[in-house]
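Shown below: model_21.pdb, with PDB, C-alpha atoms, pLDDT in the B column.
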```
MODEL        1
ATOM      1  CA  MET A   1     -40.456   9.572 106.399  1.00 48.00           C
ATOM      2  CA  GLU A   2     -41.508  13.149 105.737  1.00 52.00           C
ATOM      3  CA  SER A   3     -44.304  13.700 103.241  1.00 57.00           C
ATOM      4  CA  ILE A   4     -43.435  15.945 100.296  1.00 67.00           C
ATOM      5  CA  LYS A   5     -46.113  18.537  99.572  1.00 72.00           C
ATOM      6  CA  LYS A   6     -47.337  18.595  96.002  1.00 83.00           C
ATOM      7  CA  TYR A   7     -48.286  21.896  94.416  1.00 87.00           C
ATOM      8  CA  THR A   8     -51.232  21.289  92.119  1.00 87.00           C
ATOM      9  CA  THR A   9     -53.496  24.335  92.550  1.00 91.00           C
ATOM     10  CA  TRP A  10     -52.936  28.098  92.486  1.00 93.00           C
ATOM     11  CA  GLU A  11     -53.986  28.268  96.126  1.00 94.00           C
ATOM     12  CA  SER A  12     -51.375  25.680  97.170  1.00 92.00           C
ATOM     13  CA  LEU A  13     -48.522  27.665  95.624  1.00 96.00           C
ATOM     14  CA  PRO A  14     -46.552  30.072  97.822  1.00 97.00           C
ATOM     15  CA  ASP A  15     -46.138  33.724  96.755  1.00 97.00           C
ATOM     16  CA  THR A  16     -42.494  33.120  95.794  1.00 98.00           C
ATOM     17  CA  LEU A  17     -41.847  30.013  93.722  1.00 98.00           C
ATOM     18  CA  THR A  18     -38.855  27.738  93.236  1.00 97.00           C
ATOM     19  CA  ALA A  19     -38.141  25.410  90.314  1.00 97.00           C
ATOM     20  CA  LEU A  20     -39.571  22.548  92.387  1.00 96.00           C
ATOM     21  CA  HIS A  21     -42.880  24.369  92.910  1.00 96.00           C
ATOM     22  CA  ILE A  22     -43.155  25.108  89.193  1.00 97.00           C
ATOM     23  CA  SER A  23     -42.167  21.607  88.086  1.00 96.00           C
ATOM     24  CA  GLN A  24     -44.769  20.011  90.357  1.00 94.00           C
ATOM     25  CA  PHE A  25     -47.458  22.466  89.279  1.00 96.00           C
ATOM     26  CA  LEU A  26     -46.802  22.030  85.541  1.00 96.00           C
ATOM     27  CA  GLY A  27     -45.875  18.350  85.694  1.00 94.00           C
ATOM     28  CA  ILE A  28     -42.509  18.866  83.996  1.00 96.00           C
ATOM     29  CA  SER A  29     -38.953  18.204  85.120  1.00 97.00           C
ATOM     30  CA  ARG A  30     -36.987  20.659  87.226  1.00 97.00           C
ATOM     31  CA  ARG A  31     -34.323  20.568  84.512  1.00 98.00           C
ATOM     32  CA  ARG A  32     -36.862  21.929  82.007  1.00 98.00           C
ATOM     33  CA  VAL A  33     -37.944  24.605  84.498  1.00 98.00           C
ATOM     34  CA  TYR A  34     -34.312  25.709  84.889  1.00 98.00           C
ATOM     35  CA  GLU A  35     -34.043  25.921  81.095  1.00 98.00           C
ATOM     36  CA  LEU A  36     -37.128  28.158  81.041  1.00 98.00           C
ATOM     37  CA  LEU A  37     -35.653  30.295  83.833  1.00 98.00           C
ATOM     38  CA  GLN A  38     -32.479  30.779  81.777  1.00 97.00           C
ATOM     39  CA  THR A  39     -34.379  31.609  78.578  1.00 97.00           C
ATOM     40  CA  ASN A  40     -34.952  35.289  77.856  1.00 96.00           C
ATOM     41  CA  VAL A  41     -38.511  36.378  78.674  1.00 95.00           C
ATOM     42  CA  GLU A  42     -38.953  37.717  75.120  1.00 93.00           C
ATOM     43  CA  HIS A  43     -38.275  34.180  73.854  1.00 94.00           C
ATOM     44  CA  GLY A  44     -40.762  32.430  76.154  1.00 94.00           C
ATOM     45  CA  GLY A  45     -38.757  32.222  79.372  1.00 97.00           C
ATOM     46  CA  ILE A  46     -40.296  32.491  82.818  1.00 98.00           C
ATOM     47  CA  PRO A  47     -39.715  35.920  84.453  1.00 98.00           C
ATOM     48  CA  ASN A  48     -37.560  35.446  87.538  1.00 98.00           C
ATOM     49  CA  PHE A  49     -35.097  37.029  89.927  1.00 98.00           C
ATOM     50  CA  SER A  50     -31.986  35.753  91.658  1.00 97.00           C
ATOM     51  CA  ILE A  51     -31.096  35.472  95.304  1.00 96.00           C
ATOM     52  CA  GLY A  52     -27.446  34.543  95.162  1.00 96.00           C
ATOM     53  CA  THR A  53     -27.368  31.587  92.773  1.00 95.00           C
ATOM     54  CA  SER A  54     -30.991  30.630  93.449  1.00 96.00           C
ATOM     55  CA  LYS A  55     -33.742  31.558  91.001  1.00 98.00           C
ATOM     56  CA  ARG A  56     -37.160  32.604  92.279  1.00 98.00           C
ATOM     57  CA  VAL A  57     -40.409  33.513  90.535  1.00 98.00           C
ATOM     58  CA  GLU A  58     -43.228  35.667  91.843  1.00 98.00           C
ATOM     59  CA  LYS A  59     -46.529  33.806  91.719  1.00 98.00           C
ATOM     60  CA  SER A  60     -48.191  36.727  89.921  1.00 98.00           C
ATOM     61  CA  ASP A  61     -45.459  36.730  87.217  1.00 98.00           C
ATOM     62  CA  PHE A  62     -45.814  32.973  86.788  1.00 98.00           C
ATOM     63  CA  LYS A  63     -49.586  33.268  86.375  1.00 97.00           C
ATOM     64  CA  GLN A  64     -49.153  36.086  83.848  1.00 97.00           C
ATOM     65  CA  TRP A  65     -46.574  33.993  81.951  1.00 97.00           C
ATOM     66  CA  ILE A  66     -49.095  31.159  81.590  1.00 97.00           C
ATOM     67  CA  ILE A  67     -51.794  33.610  80.416  1.00 96.00           C
ATOM     68  CA  GLN A  68     -49.382  34.973  77.775  1.00 94.00           C
ATOM     69  CA  LEU A  69     -48.584  31.438  76.538  1.00 93.00           C
ATOM     70  CA  LYS A  70     -52.290  30.719  76.172  1.00 93.00           C
ATOM     71  CA  LYS A  71     -52.880  33.984  74.267  1.00 91.00           C
ATOM     72  CA  LYS A  72     -49.929  33.250  71.969  1.00 87.00           C
ATOM     73  CA  LYS A  73     -51.323  29.762  71.239  1.00 84.00           C
ATOM     74  CA  GLN A  74     -54.747  31.192  70.327  1.00 88.00           C
ATOM     75  CA  ALA A  75     -53.306  33.857  68.006  1.00 76.00           C
TER      76      ALA A  75
ENDMDL
END
```
Write the structure described by the file as structure tokens, please.
Amino acid sequence: MESIKKYTTWESLPDTLTALHISQFLGISRRRVYELLQTNVEHGGIPNFSIGTSKRVEKSDFKQWIIQLKKKKQA
């Protein structure tokens, strides 16, 4: 049986992320990640781009999104 890699650190994440990468990193369901990918960025959604029907997120955008959430929480 093939071992599934878990993404738990910034260094373990690839430069282009899928919903699976994000869900493992944040410890939330893929369904919730897809909801965040469909939500407008101005309303707290994760910035992303499409390749066909697949959604992808740049690692740098994901990191910036988390920083913005933390700043919003502190305000």
Mind telling me what the PyMOL selection byres ((chain A and resi 15) around 8) catches here, as a ChimeraX atom specification? /A:13-14,16-17,58-60
I need the residue set behind the PyMOL selection byres ((chain A and resi 53-56) around 8) for this file; please write it as a CSV table (one decimal) with C-alpha atoms, keeping the file's coordinate frame.
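Output (out25.csv):
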```
chain,number,residue,atom,x,y,z
A,16,THR,CA,-42.5,33.1,95.8
A,17,LEU,CA,-41.8,30.0,93.7
A,18,THR,CA,-38.9,27.7,93.2
A,19,ALA,CA,-38.1,25.4,90.3
A,37,LEU,CA,-35.7,30.3,83.8
A,48,ASN,CA,-37.6,35.4,87.5
A,49,PHE,CA,-35.1,37.0,89.9
A,50,SER,CA,-32.0,35.8,91.7
A,51,ILE,CA,-31.1,35.5,95.3
A,52,GLY,CA,-27.4,34.5,95.2
A,57,VAL,CA,-40.4,33.5,90.5
A,58,GLU,CA,-43.2,35.7,91.8
```
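Atom to atom, CA of Asn40 (chain A) and CA of His21 (chain A) stand 20.2 Å apart.
Of the listed residues A:Gln24, A:Gln74, A:Ser12, A:Gln64, the one whose atoms come nearest to Gly45 (chain A) is A:Gln64, with distances taken using all atoms listed in the file.
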Give me the result of the PyMOL selection byres ((chain A and resi 26) around 12) on this file, residue by residue, as a list of chain:residue names.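 Residues picked by the PyMOL selection byres ((chain A and resi 26) around 12): A:Lys6, A:Tyr7, A:Thr8, A:Thr9, A:Trp10, A:Leu13, A:Ala19, A:Leu20, A:His21, A:Ile22, A:Ser23, A:Gln24, A:Phe25, A:Gly27, A:Ile28, A:Ser29, A:Arg30, A:Arg32, A:Val33, A:Phe62, A:Lys63, A:Ile66.
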Please define a box with edges along x, y and z of the file around all atoms of region 6-21 of chain A given in the file, extend it by 6 Å on each side, and return its centre and edge lengths in Å to one decimal, as AutoDock Vina command-line options.
```
--center_x -46.1 --center_y 26.2 --center_z 94.1 --size_x 27.8 --size_y 27.1 --size_z 19.5
```
Point-to-point distance from CA of Lys73 (chain A) to CA of Glu35 (chain A), Å rounded to tenths: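 It comes out at 20.3 Å.
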Region 20-45 of chain A from the block above, N, CA, C and O atoms, as a PDB file, in the first residue's frame, please?
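What follows is the written file selection-v8.pdb:
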```
ATOM      1  N   LEU A  20      -6.341  19.225  -1.528  1.00  0.00           N
ATOM      2  CA  LEU A  20      -5.816  18.201  -0.620  1.00  0.00           C
ATOM      3  C   LEU A  20      -4.635  18.734   0.180  1.00  0.00           C
ATOM      4  O   LEU A  20      -4.572  18.552   1.398  1.00  0.00           O
ATOM      5  N   HIS A  21      -3.706  19.413  -0.483  1.00  0.00           N
ATOM      6  CA  HIS A  21      -2.564  20.004   0.218  1.00  0.00           C
ATOM      7  C   HIS A  21      -3.048  20.947   1.321  1.00  0.00           C
ATOM      8  O   HIS A  21      -2.581  20.883   2.458  1.00  0.00           O
ATOM      9  N   ILE A  22      -3.980  21.821   0.964  1.00  0.00           N
ATOM     10  CA  ILE A  22      -4.467  22.828   1.903  1.00  0.00           C
ATOM     11  C   ILE A  22      -5.228  22.179   3.057  1.00  0.00           C
ATOM     12  O   ILE A  22      -5.044  22.550   4.214  1.00  0.00           O
ATOM     13  N   SER A  23      -6.057  21.190   2.749  1.00  0.00           N
ATOM     14  CA  SER A  23      -6.833  20.541   3.809  1.00  0.00           C
ATOM     15  C   SER A  23      -5.918  19.830   4.800  1.00  0.00           C
ATOM     16  O   SER A  23      -6.148  19.889   6.014  1.00  0.00           O
ATOM     17  N   GLN A  24      -4.880  19.171   4.309  1.00  0.00           N
ATOM     18  CA  GLN A  24      -3.944  18.499   5.210  1.00  0.00           C
ATOM     19  C   GLN A  24      -3.160  19.507   6.034  1.00  0.00           C
ATOM     20  O   GLN A  24      -2.947  19.319   7.223  1.00  0.00           O
ATOM     21  N   PHE A  25      -2.755  20.600   5.416  1.00  0.00           N
ATOM     22  CA  PHE A  25      -1.968  21.611   6.120  1.00  0.00           C
ATOM     23  C   PHE A  25      -2.790  22.288   7.222  1.00  0.00           C
ATOM     24  O   PHE A  25      -2.307  22.488   8.338  1.00  0.00           O
ATOM     25  N   LEU A  26      -4.049  22.638   6.914  1.00  0.00           N
ATOM     26  CA  LEU A  26      -4.889  23.336   7.876  1.00  0.00           C
ATOM     27  C   LEU A  26      -5.655  22.401   8.808  1.00  0.00           C
ATOM     28  O   LEU A  26      -6.204  22.844   9.819  1.00  0.00           O
ATOM     29  N   GLY A  27      -5.728  21.125   8.445  1.00  0.00           N
ATOM     30  CA  GLY A  27      -6.477  20.180   9.270  1.00  0.00           C
ATOM     31  C   GLY A  27      -7.975  20.357   9.154  1.00  0.00           C
ATOM     32  O   GLY A  27      -8.713  20.192  10.123  1.00  0.00           O
ATOM     33  N   ILE A  28      -8.432  20.736   7.950  1.00  0.00           N
ATOM     34  CA  ILE A  28      -9.865  20.882   7.687  1.00  0.00           C
ATOM     35  C   ILE A  28     -10.235  19.996   6.509  1.00  0.00           C
ATOM     36  O   ILE A  28      -9.358  19.472   5.824  1.00  0.00           O
ATOM     37  N   SER A  29     -11.514  19.840   6.265  1.00  0.00           N
ATOM     38  CA  SER A  29     -11.963  18.962   5.185  1.00  0.00           C
ATOM     39  C   SER A  29     -11.709  19.585   3.819  1.00  0.00           C
ATOM     40  O   SER A  29     -11.641  20.813   3.674  1.00  0.00           O
ATOM     41  N   ARG A  30     -11.585  18.727   2.817  1.00  0.00           N
ATOM     42  CA  ARG A  30     -11.434  19.228   1.447  1.00  0.00           C
ATOM     43  C   ARG A  30     -12.691  19.975   1.030  1.00  0.00           C
ATOM     44  O   ARG A  30     -12.613  20.953   0.296  1.00  0.00           O
ATOM     45  N   ARG A  31     -13.835  19.519   1.498  1.00  0.00           N
ATOM     46  CA  ARG A  31     -15.102  20.201   1.185  1.00  0.00           C
ATOM     47  C   ARG A  31     -15.046  21.664   1.630  1.00  0.00           C
ATOM     48  O   ARG A  31     -15.445  22.570   0.905  1.00  0.00           O
ATOM     49  N   ARG A  32     -14.540  21.896   2.840  1.00  0.00           N
ATOM     50  CA  ARG A  32     -14.419  23.269   3.353  1.00  0.00           C
ATOM     51  C   ARG A  32     -13.417  24.065   2.523  1.00  0.00           C
ATOM     52  O   ARG A  32     -13.635  25.248   2.249  1.00  0.00           O
ATOM     53  N   VAL A  33     -12.332  23.433   2.109  1.00  0.00           N
ATOM     54  CA  VAL A  33     -11.349  24.116   1.256  1.00  0.00           C
ATOM     55  C   VAL A  33     -12.013  24.537  -0.050  1.00  0.00           C
ATOM     56  O   VAL A  33     -11.849  25.670  -0.502  1.00  0.00           O
ATOM     57  N   TYR A  34     -12.789  23.638  -0.661  1.00  0.00           N
ATOM     58  CA  TYR A  34     -13.478  23.990  -1.909  1.00  0.00           C
ATOM     59  C   TYR A  34     -14.447  25.150  -1.697  1.00  0.00           C
ATOM     60  O   TYR A  34     -14.580  26.012  -2.567  1.00  0.00           O
ATOM     61  N   GLU A  35     -15.099  25.198  -0.544  1.00  0.00           N
ATOM     62  CA  GLU A  35     -15.973  26.335  -0.239  1.00  0.00           C
ATOM     63  C   GLU A  35     -15.163  27.624  -0.187  1.00  0.00           C
ATOM     64  O   GLU A  35     -15.589  28.653  -0.713  1.00  0.00           O
ATOM     65  N   LEU A  36     -13.998  27.574   0.441  1.00  0.00           N
ATOM     66  CA  LEU A  36     -13.129  28.755   0.519  1.00  0.00           C
ATOM     67  C   LEU A  36     -12.591  29.157  -0.850  1.00  0.00           C
ATOM     68  O   LEU A  36     -12.383  30.343  -1.120  1.00  0.00           O
ATOM     69  N   LEU A  37     -12.370  28.171  -1.722  1.00  0.00           N
ATOM     70  CA  LEU A  37     -11.899  28.472  -3.078  1.00  0.00           C
ATOM     71  C   LEU A  37     -12.995  29.116  -3.918  1.00  0.00           C
ATOM     72  O   LEU A  37     -12.712  29.879  -4.841  1.00  0.00           O
ATOM     73  N   GLN A  38     -14.255  28.825  -3.593  1.00  0.00           N
ATOM     74  CA  GLN A  38     -15.377  29.399  -4.334  1.00  0.00           C
ATOM     75  C   GLN A  38     -15.808  30.757  -3.790  1.00  0.00           C
ATOM     76  O   GLN A  38     -16.478  31.512  -4.478  1.00  0.00           O
ATOM     77  N   THR A  39     -15.394  31.058  -2.551  1.00  0.00           N
ATOM     78  CA  THR A  39     -15.739  32.328  -1.920  1.00  0.00           C
ATOM     79  C   THR A  39     -14.871  33.440  -2.499  1.00  0.00           C
ATOM     80  O   THR A  39     -13.681  33.253  -2.732  1.00  0.00           O
ATOM     81  N   ASN A  40     -15.484  34.589  -2.732  1.00  0.00           N
ATOM     82  CA  ASN A  40     -14.766  35.746  -3.247  1.00  0.00           C
ATOM     83  C   ASN A  40     -13.650  36.131  -2.277  1.00  0.00           C
ATOM     84  O   ASN A  40     -13.840  36.106  -1.064  1.00  0.00           O
ATOM     85  N   VAL A  41     -12.509  36.496  -2.806  1.00  0.00           N
ATOM     86  CA  VAL A  41     -11.345  36.856  -1.988  1.00  0.00           C
ATOM     87  C   VAL A  41     -11.686  38.000  -1.030  1.00  0.00           C
ATOM     88  O   VAL A  41     -11.258  37.998   0.124  1.00  0.00           O
ATOM     89  N   GLU A  42     -12.484  38.959  -1.471  1.00  0.00           N
ATOM     90  CA  GLU A  42     -12.861  40.087  -0.618  1.00  0.00           C
ATOM     91  C   GLU A  42     -13.697  39.642   0.582  1.00  0.00           C
ATOM     92  O   GLU A  42     -13.825  40.359   1.567  1.00  0.00           O
ATOM     93  N   HIS A  43     -14.282  38.457   0.497  1.00  0.00           N
ATOM     94  CA  HIS A  43     -15.107  37.930   1.590  1.00  0.00           C
ATOM     95  C   HIS A  43     -14.410  36.790   2.331  1.00  0.00           C
ATOM     96  O   HIS A  43     -15.065  35.975   2.984  1.00  0.00           O
ATOM     97  N   GLY A  44     -13.082  36.711   2.221  1.00  0.00           N
ATOM     98  CA  GLY A  44     -12.327  35.727   2.988  1.00  0.00           C
ATOM     99  C   GLY A  44     -11.939  34.474   2.237  1.00  0.00           C
ATOM    100  O   GLY A  44     -11.381  33.556   2.827  1.00  0.00           O
ATOM    101  N   GLY A  45     -12.217  34.419   0.941  1.00  0.00           N
ATOM    102  CA  GLY A  45     -11.861  33.251   0.147  1.00  0.00           C
ATOM    103  C   GLY A  45     -10.372  33.173  -0.145  1.00  0.00           C
ATOM    104  O   GLY A  45      -9.658  34.170  -0.069  1.00  0.00           O
TER     105      GLY A  45
END
```
